[in-house]
file query19.txt (compact mmCIF, C-alpha atoms)
# COMPACT_ATOMS: atom_id res chain seq x y z
CA MET W 102 -175.26 -89.44 240.85
CA THR W 103 -172.20 -89.64 243.08
CA GLY W 104 -171.39 -89.10 246.71
CA VAL W 105 -173.76 -91.71 248.16
CA LEU W 106 -171.03 -92.66 250.61
CA SER W 107 -169.49 -90.12 252.94
CA PRO W 108 -165.68 -89.77 253.14
CA GLU W 109 -165.88 -91.49 256.53
CA GLN W 110 -167.73 -94.46 255.03
CA VAL W 111 -165.18 -94.79 252.24
CA ALA W 112 -162.37 -94.62 254.79
CA HIS W 113 -164.07 -97.34 256.84
CA PHE W 114 -164.35 -99.58 253.78
CA ASN W 115 -160.70 -99.06 252.89
CA SER W 116 -159.57 -99.70 256.46
CA GLU W 117 -161.89 -102.55 257.48
CA GLY W 118 -162.75 -104.17 254.13
CA TYR W 119 -166.53 -103.85 254.44
CA LEU W 120 -169.38 -101.39 254.89
CA CYS W 121 -172.95 -101.92 256.11
CA PRO W 122 -175.74 -100.91 255.78
CA VAL W 123 -176.48 -98.60 252.83
CA ARG W 124 -180.05 -97.97 251.68
CA ALA W 125 -180.79 -98.63 247.98
CA PHE W 126 -184.59 -98.39 247.99
CA SER W 127 -187.66 -99.00 250.14
CA ALA W 128 -188.72 -102.25 251.75
CA GLU W 129 -191.84 -102.13 249.58
CA GLU W 130 -189.73 -102.08 246.40
CA ALA W 131 -187.57 -104.89 247.78
CA ARG W 132 -190.73 -106.95 248.21
CA LEU W 133 -191.54 -106.50 244.50
CA TYR W 134 -188.13 -107.89 243.55
CA ARG W 135 -188.52 -110.74 246.03
CA ASN W 136 -191.83 -111.56 244.36
CA LYS W 137 -190.06 -111.75 240.99
CA ILE W 138 -187.55 -114.23 242.41
CA GLU W 139 -190.25 -116.38 243.95
CA GLU W 140 -192.41 -116.25 240.82
CA PHE W 141 -189.43 -117.58 238.85
CA GLU W 142 -189.00 -120.38 241.39
CA ALA W 143 -192.69 -121.29 241.15
CA ARG W 144 -192.60 -121.38 237.33
CA SER W 145 -189.32 -123.27 237.04
CA GLY W 146 -189.93 -125.64 239.92
CA GLU W 147 -186.43 -125.06 241.29
CA GLU W 148 -184.76 -122.84 243.86
CA VAL W 149 -183.11 -119.70 242.63
CA ASN W 150 -179.83 -121.03 244.05
CA LYS W 151 -179.67 -123.79 241.45
CA ARG W 152 -178.87 -121.87 238.24
CA LEU W 153 -178.56 -118.17 239.04
CA LYS W 154 -175.06 -118.44 240.51
CA ILE W 155 -172.39 -116.96 238.26
CA LYS W 156 -174.03 -114.39 235.95
CA ALA W 157 -177.58 -114.26 237.27
CA HIS W 158 -178.16 -110.86 235.64
CA LEU W 159 -178.22 -112.56 232.23
CA ALA W 160 -181.54 -114.20 233.08
CA PHE W 161 -183.65 -111.07 233.50
CA PRO W 162 -183.54 -107.43 232.31
CA TRP W 163 -184.78 -106.35 235.73
CA LEU W 164 -181.65 -107.87 237.30
CA VAL W 165 -179.49 -105.82 234.94
CA GLU W 166 -181.50 -102.77 235.99
CA LEU W 167 -180.89 -103.64 239.64
CA ALA W 168 -177.16 -103.93 238.96
CA ARG W 169 -177.36 -100.42 237.46
CA HIS W 170 -179.46 -98.93 240.27
CA PRO W 171 -178.16 -95.36 240.75
CA ARG W 172 -177.61 -95.57 244.51
CA ILE W 173 -175.82 -98.92 244.29
CA VAL W 174 -173.62 -97.87 241.38
CA SER W 175 -172.82 -94.51 242.95
CA ALA W 176 -171.72 -96.18 246.18
CA VAL W 177 -169.48 -98.51 244.17
CA GLN W 178 -168.04 -95.57 242.21
CA ASP W 179 -167.24 -93.81 245.49
CA ILE W 180 -164.86 -96.72 246.16
CA LEU W 181 -163.71 -97.83 242.71
CA GLY W 182 -163.87 -94.67 240.62
CA PRO W 183 -166.08 -93.75 237.64
CA ASP W 184 -165.46 -96.67 235.25
CA VAL W 185 -167.18 -99.79 236.55
CA LEU W 186 -167.77 -103.26 235.08
CA LEU W 187 -170.07 -105.97 236.42
CA PHE W 188 -168.06 -109.19 236.56
CA GLY W 189 -170.88 -111.43 237.79
CA SER W 190 -173.88 -111.83 240.07
CA SER W 191 -175.48 -114.53 242.21
CA ALA W 192 -178.85 -115.11 243.81
CA PHE W 193 -178.90 -116.54 247.33
CA ALA W 194 -181.90 -117.92 249.20
CA LYS W 195 -181.95 -119.71 252.54
CA ASN W 196 -185.33 -121.13 253.47
CA ALA W 197 -186.83 -120.75 256.93
CA ARG W 198 -185.13 -123.11 259.38
CA ASP W 199 -182.67 -124.00 256.61
CA PRO W 200 -179.45 -125.81 257.66
CA ARG W 201 -177.53 -124.57 254.62
CA PHE W 202 -174.75 -122.05 255.13
CA VAL W 203 -171.89 -120.24 253.40
CA SER W 204 -168.48 -121.18 254.77
CA TRP W 205 -165.72 -118.71 255.56
CA HIS W 206 -163.97 -117.82 252.30
CA GLN W 207 -162.39 -115.11 250.16
CA ASP W 208 -163.79 -114.25 246.75
CA SER W 209 -160.33 -113.31 245.50
CA ALA W 210 -159.13 -116.92 245.64
CA TYR W 211 -161.50 -117.81 242.77
CA TYR W 212 -162.21 -114.66 240.79
CA GLY W 213 -158.88 -114.53 238.96
CA LEU W 214 -158.63 -110.73 238.81
CA ASN W 215 -155.61 -108.44 238.71
CA PRO W 216 -155.37 -106.13 240.56
CA HIS W 217 -157.46 -107.27 243.53
CA GLN W 218 -159.94 -104.39 243.56
CA GLU W 219 -163.32 -106.10 243.11
CA VAL W 220 -166.17 -104.97 245.39
CA THR W 221 -169.20 -107.16 246.13
CA VAL W 222 -172.58 -105.61 246.84
CA TRP W 223 -174.99 -107.89 248.74
CA LEU W 224 -178.53 -106.57 248.33
CA ALA W 225 -181.21 -107.79 250.74
CA LEU W 226 -184.67 -108.57 249.33
CA SER W 227 -185.85 -109.88 252.70
CA ARG W 228 -184.56 -109.27 256.21
CA ALA W 229 -181.01 -110.55 256.75
CA SER W 230 -180.65 -110.69 260.52
CA THR W 231 -178.34 -112.54 262.86
CA GLU W 232 -181.16 -115.08 263.36
CA SER W 233 -181.75 -115.53 259.62
CA GLY W 234 -178.05 -116.04 258.86
CA CYS W 235 -176.80 -112.66 257.70
CA MET W 236 -173.31 -112.27 256.30
CA LYS W 237 -170.39 -112.06 258.71
CA VAL W 238 -166.97 -110.64 257.92
CA ILE W 239 -163.51 -110.69 259.46
CA PRO W 240 -162.46 -107.01 259.57
CA LYS W 241 -159.13 -106.07 257.99
CA SER W 242 -158.69 -109.53 256.45
CA HIS W 243 -158.58 -107.83 253.02
CA LEU W 244 -155.19 -106.40 253.94
CA GLY W 245 -153.62 -109.85 253.89
CA PRO W 246 -152.88 -112.30 251.06
CA ASP W 247 -155.12 -114.83 249.34
CA LEU W 248 -155.60 -117.72 251.74
CA VAL W 249 -155.45 -121.43 250.91
CA HIS W 250 -158.98 -122.86 250.75
CA GLU W 251 -160.09 -126.41 251.43
CA GLU W 252 -162.77 -127.54 248.96
CA THR W 253 -165.21 -129.72 250.93
CA PHE W 254 -168.14 -130.01 248.48
CA ASP W 255 -170.42 -130.09 251.54
CA ALA W 256 -174.04 -130.58 250.42
CA ASP W 257 -175.25 -127.97 252.94
CA ASN W 258 -172.74 -125.38 251.74
CA LEU W 259 -174.23 -122.89 249.28
CA LEU W 260 -170.81 -122.40 247.67
CA ALA W 261 -170.36 -124.63 244.62
CA ARG W 262 -167.12 -126.14 245.90
CA GLY W 263 -167.74 -125.85 249.61
CA GLN W 264 -164.53 -123.83 249.80
CA LYS W 265 -163.51 -122.72 253.28
CA VAL W 266 -160.73 -121.23 255.35
CA THR W 267 -160.18 -121.43 259.09
CA VAL W 268 -160.60 -118.15 260.98
CA ASP W 269 -160.81 -116.82 264.51
CA GLU W 270 -164.58 -116.42 264.69
CA SER W 271 -164.31 -114.22 267.78
CA LEU W 272 -163.20 -111.46 265.40
CA ALA W 273 -166.30 -111.74 263.20
CA VAL W 274 -168.71 -108.85 262.70
CA ASP W 275 -172.35 -109.36 261.67
CA MET W 276 -173.72 -107.36 258.74
CA PRO W 277 -177.52 -107.32 259.25
CA LEU W 278 -179.65 -105.76 256.52
CA GLU W 279 -183.25 -104.70 256.20
CA PRO W 280 -185.05 -105.27 252.87
CA GLY W 281 -183.76 -102.75 250.32
CA GLU W 282 -180.41 -102.24 252.08
CA PHE W 283 -177.03 -103.49 250.89
CA SER W 284 -173.55 -104.15 252.19
CA LEU W 285 -170.20 -103.88 250.42
CA HIS W 286 -167.07 -105.94 250.92
CA HIS W 287 -163.66 -106.21 249.30
CA GLU W 288 -162.89 -109.41 247.38
CA ARG W 289 -160.16 -110.34 249.86
CA THR W 290 -162.37 -109.82 252.92
CA VAL W 291 -163.03 -113.18 254.57
CA HIS W 292 -166.78 -113.66 254.92
CA GLY W 293 -169.49 -116.27 255.33
CA SER W 294 -172.98 -116.76 256.72
CA PRO W 295 -174.56 -119.35 259.04
CA ALA W 296 -177.84 -121.23 258.73
CA ASN W 297 -181.20 -119.46 258.74
CA MET W 298 -182.90 -120.10 262.07
CA SER W 299 -185.78 -117.66 261.46
CA ASP W 300 -189.31 -118.29 260.22
CA ASP W 301 -188.85 -116.43 256.93
CA ARG W 302 -186.63 -116.90 253.91
CA ARG W 303 -183.42 -114.90 253.60
CA ILE W 304 -183.17 -113.78 249.97
CA GLY W 305 -180.53 -111.55 248.42
CA ILE W 306 -178.60 -110.76 245.26
CA ALA W 307 -174.83 -110.36 245.15
CA PHE W 308 -173.33 -108.14 242.44
CA PHE W 309 -169.60 -108.32 241.70
CA TYR W 310 -168.13 -105.01 240.49
CA MET W 311 -164.61 -104.10 239.41
CA PRO W 312 -162.84 -101.09 237.91
CA ALA W 313 -162.55 -101.28 234.13
CA HIS W 314 -158.74 -101.57 234.28
CA CYS W 315 -158.90 -104.99 236.02
CA ARG W 316 -157.67 -107.92 233.93
CA SER W 317 -158.75 -111.56 233.88
CA MET W 318 -156.00 -113.96 234.89
CA LEU W 319 -158.06 -116.97 233.76
CA GLY W 320 -158.18 -116.27 230.04
CA ARG W 321 -160.49 -114.06 228.05
CA ARG W 322 -163.84 -113.62 229.81
CA SER W 323 -166.84 -111.30 229.69
CA ALA W 324 -168.33 -108.53 231.79
CA LEU W 325 -170.93 -105.78 231.51
CA LEU W 326 -170.18 -102.06 231.46
CA ILE W 327 -172.20 -100.50 234.27
CA ALA W 328 -170.91 -96.93 234.51
CA GLY W 329 -168.39 -94.66 232.86
CA GLU W 330 -166.24 -95.96 230.01
CA ASP W 331 -164.22 -99.06 229.22
CA ARG W 332 -161.01 -97.65 227.76
CA HIS W 333 -159.05 -100.89 228.26
CA GLY W 334 -160.88 -103.64 226.38
CA HIS W 335 -159.76 -106.44 228.69
CA TRP W 336 -163.21 -108.06 228.68
CA ASP W 337 -165.74 -109.17 226.09
CA ARG W 338 -169.26 -107.88 226.61
CA ASP W 339 -171.95 -109.95 228.32
CA PRO W 340 -175.03 -110.47 226.10
CA GLU W 341 -177.76 -108.50 227.88
CA PRO W 342 -181.15 -110.23 228.08
CA ARG W 343 -183.80 -108.66 225.83
CA PHE W 344 -186.60 -110.14 227.94
CA ASP W 345 -187.01 -112.55 230.86
CA LEU W 346 -185.21 -115.84 230.24
CA ASP W 347 -183.98 -114.71 226.82
CA PRO W 348 -182.66 -117.94 225.23
CA GLU W 349 -179.50 -116.27 223.89
CA SER W 350 -178.32 -114.68 227.13
CA LEU W 351 -179.56 -117.66 229.14
CA ALA W 352 -177.51 -120.07 227.02
CA PHE W 353 -174.42 -117.93 227.63
CA MET W 354 -175.12 -117.87 231.37
CA GLU W 355 -175.56 -121.65 231.41
CA GLU W 356 -172.29 -122.13 229.49
CA VAL W 357 -170.34 -120.08 232.01
CA TRP W 358 -171.98 -121.86 234.96
CA ALA W 359 -171.38 -125.30 233.38
CA SER W 360 -167.71 -124.46 232.89
CA TYR W 361 -167.39 -123.52 236.55
CA ARG W 362 -169.22 -126.68 237.68
CA ASP W 363 -167.12 -128.90 235.40
CA ASP W 364 -163.93 -127.43 236.81
CA ALA W 365 -165.22 -128.02 240.32
CA THR W 366 -166.14 -131.61 239.48
CA THR W 367 -162.68 -132.25 238.05
CA LYS W 368 -161.05 -130.89 241.19
CA GLN W 369 -163.33 -132.95 243.41
CA ALA W 370 -162.47 -136.14 241.46
CA ALA W 371 -158.76 -135.37 241.77
CA ARG W 372 -159.15 -134.84 245.52
CA LEU W 373 -160.94 -138.17 245.98
CA ALA W 374 -158.60 -140.18 243.71
call {"tool": "encode", "arguments": {"input": "query19.txt", "output": "structure tokens"}}
result
Amino acid sequence: MTGVLSPEQVAHFNSEGYLCPVRAFSAEEARLYRNKIEEFEARSGEEVNKRLKIKAHLAFPWLVELARHPRIVSAVQDILGPDVLLFGSSAFAKNARDPRFVSWHQDSAYYGLNPHQEVTVWLALSRASTESGCMKVIPKSHLGPDLVHEETFDADNLLARGQKVTVDESLAVDMPLEPGEFSLHHERTVHGSPANMSDDRRIGIAFFYMPAHCRSMLGRRSALLIAGEDRHGHWDRDPEPRFDLDPESLAFMEEVWASYRDDATTKQAARLA
């Protein structure tokens, strides 16, 4: 399945660095996936934000299936071409009247990819409105270089390092989504999201896709083939979960997340020294 995006939509993405909204599936189906997230939270006793941050798809087969959803993958292929790898994924949840936010940042400053061609899909499982703190982007910012980020480690910042850049917020564009819709943005597009001032949770999944020819500039890492072929072999293969919370894939996910956290802790200690 290809051609989910029109030529005009692809041109808009290439020119502006983002696209919104695109429908993946119905609001009713989105509610089923939201229920899965909230059932996991109830069983584990922790918010989905806590552990499902770097390779969330390794926790559940249904998250891998979501990453391979035909309409999502086809939209990504319309931008990246036929051979697509999943580099990572993250779950985000802001509670009702939640002060937490995501600061202005670029993904490219931390992903360590060459060339810079990664595309992030943000899939809404509940309404992401201006009131509930939907994502905002700075149009055309993907056409510039990687920016220098300040790492604040702010407790209310949903980013692990509280990384932020200073922008002219008058240029920002909101990207509201209804349940079952998704947005796309380029890894160099500056983006963020404010606090949730609504009476419902804002829940979504971010999937990080790249063309198979991309290389890791941070040593040998892993990814998951999503569509087409991997004729390059730059990445090891993620261990797909055989069932929910498969100990083998979960251990791998935890190892990757721990490595990222440890690096962040080291940098924070150096900053405070």
call {"tool": "residues_near_point", "arguments": {"input": "query19.txt", "point": "(-161.7, -96.8, 248.5)", "cutoff": "6 Å", "atoms": "all atoms listed in the file", "output": "list in words"}}
result
Val111, Asn115 and Ile180 of chain W
call {"tool": "residues_around", "arguments": {"input": "query19.txt", "residues": "region 272-277 of chain W", "least_positions_apart": "4", "cutoff": "10 Å", "atoms": "only C-alpha atoms", "output": "list in words"}}
result
Tyr119, Leu120, Cys121, Pro122, Ala225, Arg228, Ala229, Ser230, Thr231, Glu232, Ser233, Gly234, Cys235, Met236, Lys237, Val238, Ile239, Pro240, Val268, Glu282, Phe283, Ser284, Leu285, Val291, His292, Gly293 and Ser294 of chain W
call {"tool": "write_last_selection", "arguments": {"input": "query19.txt", "atoms": "C-alpha atoms", "output": "mmCIF file, in the coordinates of the input"}}
result
data_model
loop_
_atom_site.group_PDB
_atom_site.id
_atom_site.type_symbol
_atom_site.label_atom_id
_atom_site.label_comp_id
_atom_site.auth_asym_id
_atom_site.auth_seq_id
_atom_site.Cartn_x
_atom_site.Cartn_y
_atom_site.Cartn_z
ATOM 1 C CA TYR W 119 -166.530 -103.850 254.440
ATOM 2 C CA LEU W 120 -169.380 -101.390 254.890
ATOM 3 C CA CYS W 121 -172.950 -101.920 256.110
ATOM 4 C CA PRO W 122 -175.740 -100.910 255.780
ATOM 5 C CA ALA W 225 -181.210 -107.790 250.740
ATOM 6 C CA ARG W 228 -184.560 -109.270 256.210
ATOM 7 C CA ALA W 229 -181.010 -110.550 256.750
ATOM 8 C CA SER W 230 -180.650 -110.690 260.520
ATOM 9 C CA THR W 231 -178.340 -112.540 262.860
ATOM 10 C CA GLU W 232 -181.160 -115.080 263.360
ATOM 11 C CA SER W 233 -181.750 -115.530 259.620
ATOM 12 C CA GLY W 234 -178.050 -116.040 258.860
ATOM 13 C CA CYS W 235 -176.800 -112.660 257.700
ATOM 14 C CA MET W 236 -173.310 -112.270 256.300
ATOM 15 C CA LYS W 237 -170.390 -112.060 258.710
ATOM 16 C CA VAL W 238 -166.970 -110.640 257.920
ATOM 17 C CA ILE W 239 -163.510 -110.690 259.460
ATOM 18 C CA PRO W 240 -162.460 -107.010 259.570
ATOM 19 C CA VAL W 268 -160.600 -118.150 260.980
ATOM 20 C CA GLU W 282 -180.410 -102.240 252.080
ATOM 21 C CA PHE W 283 -177.030 -103.490 250.890
ATOM 22 C CA SER W 284 -173.550 -104.150 252.190
ATOM 23 C CA LEU W 285 -170.200 -103.880 250.420
ATOM 24 C CA VAL W 291 -163.030 -113.180 254.570
ATOM 25 C CA HIS W 292 -166.780 -113.660 254.920
ATOM 26 C CA GLY W 293 -169.490 -116.270 255.330
ATOM 27 C CA SER W 294 -172.980 -116.760 256.720
#
call {"tool": "closest_residue", "arguments": {"input": "query19.txt", "among": "W:Lys151, W:Arg321, W:Arg135, W:His243", "to": "Val220 (chain W)", "atoms": "only C-alpha atoms"}}
result
W:His243
call {"tool": "closest_residue", "arguments": {"input": "query19.txt", "among": "W:Met311, W:Lys137, W:Arg144, W:Leu244", "to": "Trp163 (chain W)", "atoms": "all atoms listed in the file"}}
result
W:Lys137
call {"tool": "closest_residue", "arguments": {"input": "query19.txt", "among": "W:Leu167, W:Ile155, W:Ile138, W:Ala143", "to": "Met354 (chain W)", "atoms": "all atoms listed in the file"}}
result
W:Ile155
call {"tool": "build_atoms", "arguments": {"input": "query19.txt", "residues": "region 146-177 of chain W", "atoms": "N, CA and C atoms", "output": "tab-separated table (two decimals), in the frame of the given file"}}
result
chain	number	residue	atom	x	y	z
W	146	GLY	N	-189.93	-124.49	239.05
W	146	GLY	CA	-189.93	-125.64	239.92
W	146	GLY	C	-188.60	-125.90	240.59
W	147	GLU	N	-187.74	-124.89	240.66
W	147	GLU	CA	-186.43	-125.06	241.29
W	147	GLU	C	-186.05	-123.81	242.07
W	148	GLU	N	-185.22	-123.98	243.08
W	148	GLU	CA	-184.76	-122.84	243.86
W	148	GLU	C	-183.88	-121.92	243.02
W	149	VAL	N	-183.92	-120.67	243.36
W	149	VAL	CA	-183.11	-119.70	242.63
W	149	VAL	C	-181.62	-120.00	242.77
W	150	ASN	N	-181.23	-120.69	243.85
W	150	ASN	CA	-179.83	-121.03	244.05
W	150	ASN	C	-179.27	-121.96	242.97
W	151	LYS	N	-180.14	-122.71	242.31
W	151	LYS	CA	-179.67	-123.79	241.45
W	151	LYS	C	-178.92	-123.28	240.22
W	152	ARG	N	-179.49	-122.30	239.50
W	152	ARG	CA	-178.87	-121.87	238.24
W	152	ARG	C	-178.34	-120.45	238.27
W	153	LEU	N	-178.94	-119.59	239.08
W	153	LEU	CA	-178.56	-118.17	239.04
W	153	LEU	C	-177.39	-117.92	239.98
W	154	LYS	N	-176.21	-118.45	239.61
W	154	LYS	CA	-175.06	-118.44	240.51
W	154	LYS	C	-173.88	-117.61	240.03
W	155	ILE	N	-173.62	-117.59	238.74
W	155	ILE	CA	-172.39	-116.96	238.26
W	155	ILE	C	-172.68	-115.63	237.57
W	156	LYS	N	-173.62	-115.62	236.65
W	156	LYS	CA	-174.03	-114.39	235.95
W	156	LYS	C	-175.55	-114.32	235.94
W	157	ALA	N	-176.12	-114.24	237.14
W	157	ALA	CA	-177.58	-114.26	237.27
W	157	ALA	C	-178.25	-113.14	236.50
W	158	HIS	N	-177.56	-112.01	236.32
W	158	HIS	CA	-178.16	-110.86	235.64
W	158	HIS	C	-178.51	-111.17	234.18
W	159	LEU	N	-177.93	-112.22	233.61
W	159	LEU	CA	-178.22	-112.56	232.23
W	159	LEU	C	-179.56	-113.26	232.05
W	160	ALA	N	-180.24	-113.55	233.17
W	160	ALA	CA	-181.54	-114.20	233.08
W	160	ALA	C	-182.69	-113.22	232.93
W	161	PHE	N	-182.53	-112.00	233.46
W	161	PHE	CA	-183.65	-111.07	233.50
W	161	PHE	C	-183.18	-109.63	233.27
W	162	PRO	N	-183.86	-108.86	232.43
W	162	PRO	CA	-183.54	-107.43	232.31
W	162	PRO	C	-183.66	-106.68	233.62
W	163	TRP	N	-184.60	-107.08	234.47
W	163	TRP	CA	-184.78	-106.35	235.73
W	163	TRP	C	-183.58	-106.56	236.67
W	164	LEU	N	-182.86	-107.69	236.50
W	164	LEU	CA	-181.65	-107.87	237.30
W	164	LEU	C	-180.52	-106.98	236.80
W	165	VAL	N	-180.46	-106.78	235.49
W	165	VAL	CA	-179.49	-105.82	234.94
W	165	VAL	C	-179.81	-104.42	235.46
W	166	GLU	N	-181.10	-104.07	235.47
W	166	GLU	CA	-181.50	-102.77	235.99
W	166	GLU	C	-181.12	-102.62	237.46
W	167	LEU	N	-181.29	-103.69	238.24
W	167	LEU	CA	-180.89	-103.64	239.64
W	167	LEU	C	-179.39	-103.42	239.77
W	168	ALA	N	-178.61	-104.09	238.93
W	168	ALA	CA	-177.16	-103.93	238.96
W	168	ALA	C	-176.76	-102.50	238.61
W	169	ARG	N	-177.62	-101.81	237.87
W	169	ARG	CA	-177.36	-100.42	237.46
W	169	ARG	C	-178.13	-99.41	238.32
W	170	HIS	N	-178.69	-99.85	239.43
W	170	HIS	CA	-179.46	-98.93	240.27
W	170	HIS	C	-178.56	-97.76	240.68
W	171	PRO	N	-179.03	-96.53	240.52
W	171	PRO	CA	-178.16	-95.36	240.75
W	171	PRO	C	-177.50	-95.32	242.12
W	172	ARG	N	-178.22	-95.66	243.18
W	172	ARG	CA	-177.61	-95.57	244.51
W	172	ARG	C	-176.57	-96.66	244.71
W	173	ILE	N	-176.81	-97.85	244.17
W	173	ILE	CA	-175.82	-98.92	244.29
W	173	ILE	C	-174.57	-98.57	243.49
W	174	VAL	N	-174.77	-98.17	242.24
W	174	VAL	CA	-173.62	-97.87	241.38
W	174	VAL	C	-172.83	-96.68	241.92
W	175	SER	N	-173.53	-95.67	242.42
W	175	SER	CA	-172.82	-94.51	242.95
W	175	SER	C	-171.98	-94.86	244.16
W	176	ALA	N	-172.50	-95.73	245.02
W	176	ALA	CA	-171.72	-96.18	246.18
W	176	ALA	C	-170.47	-96.92	245.72
W	177	VAL	N	-170.63	-97.78	244.70
W	177	VAL	CA	-169.48	-98.51	244.17
W	177	VAL	C	-168.46	-97.54	243.55
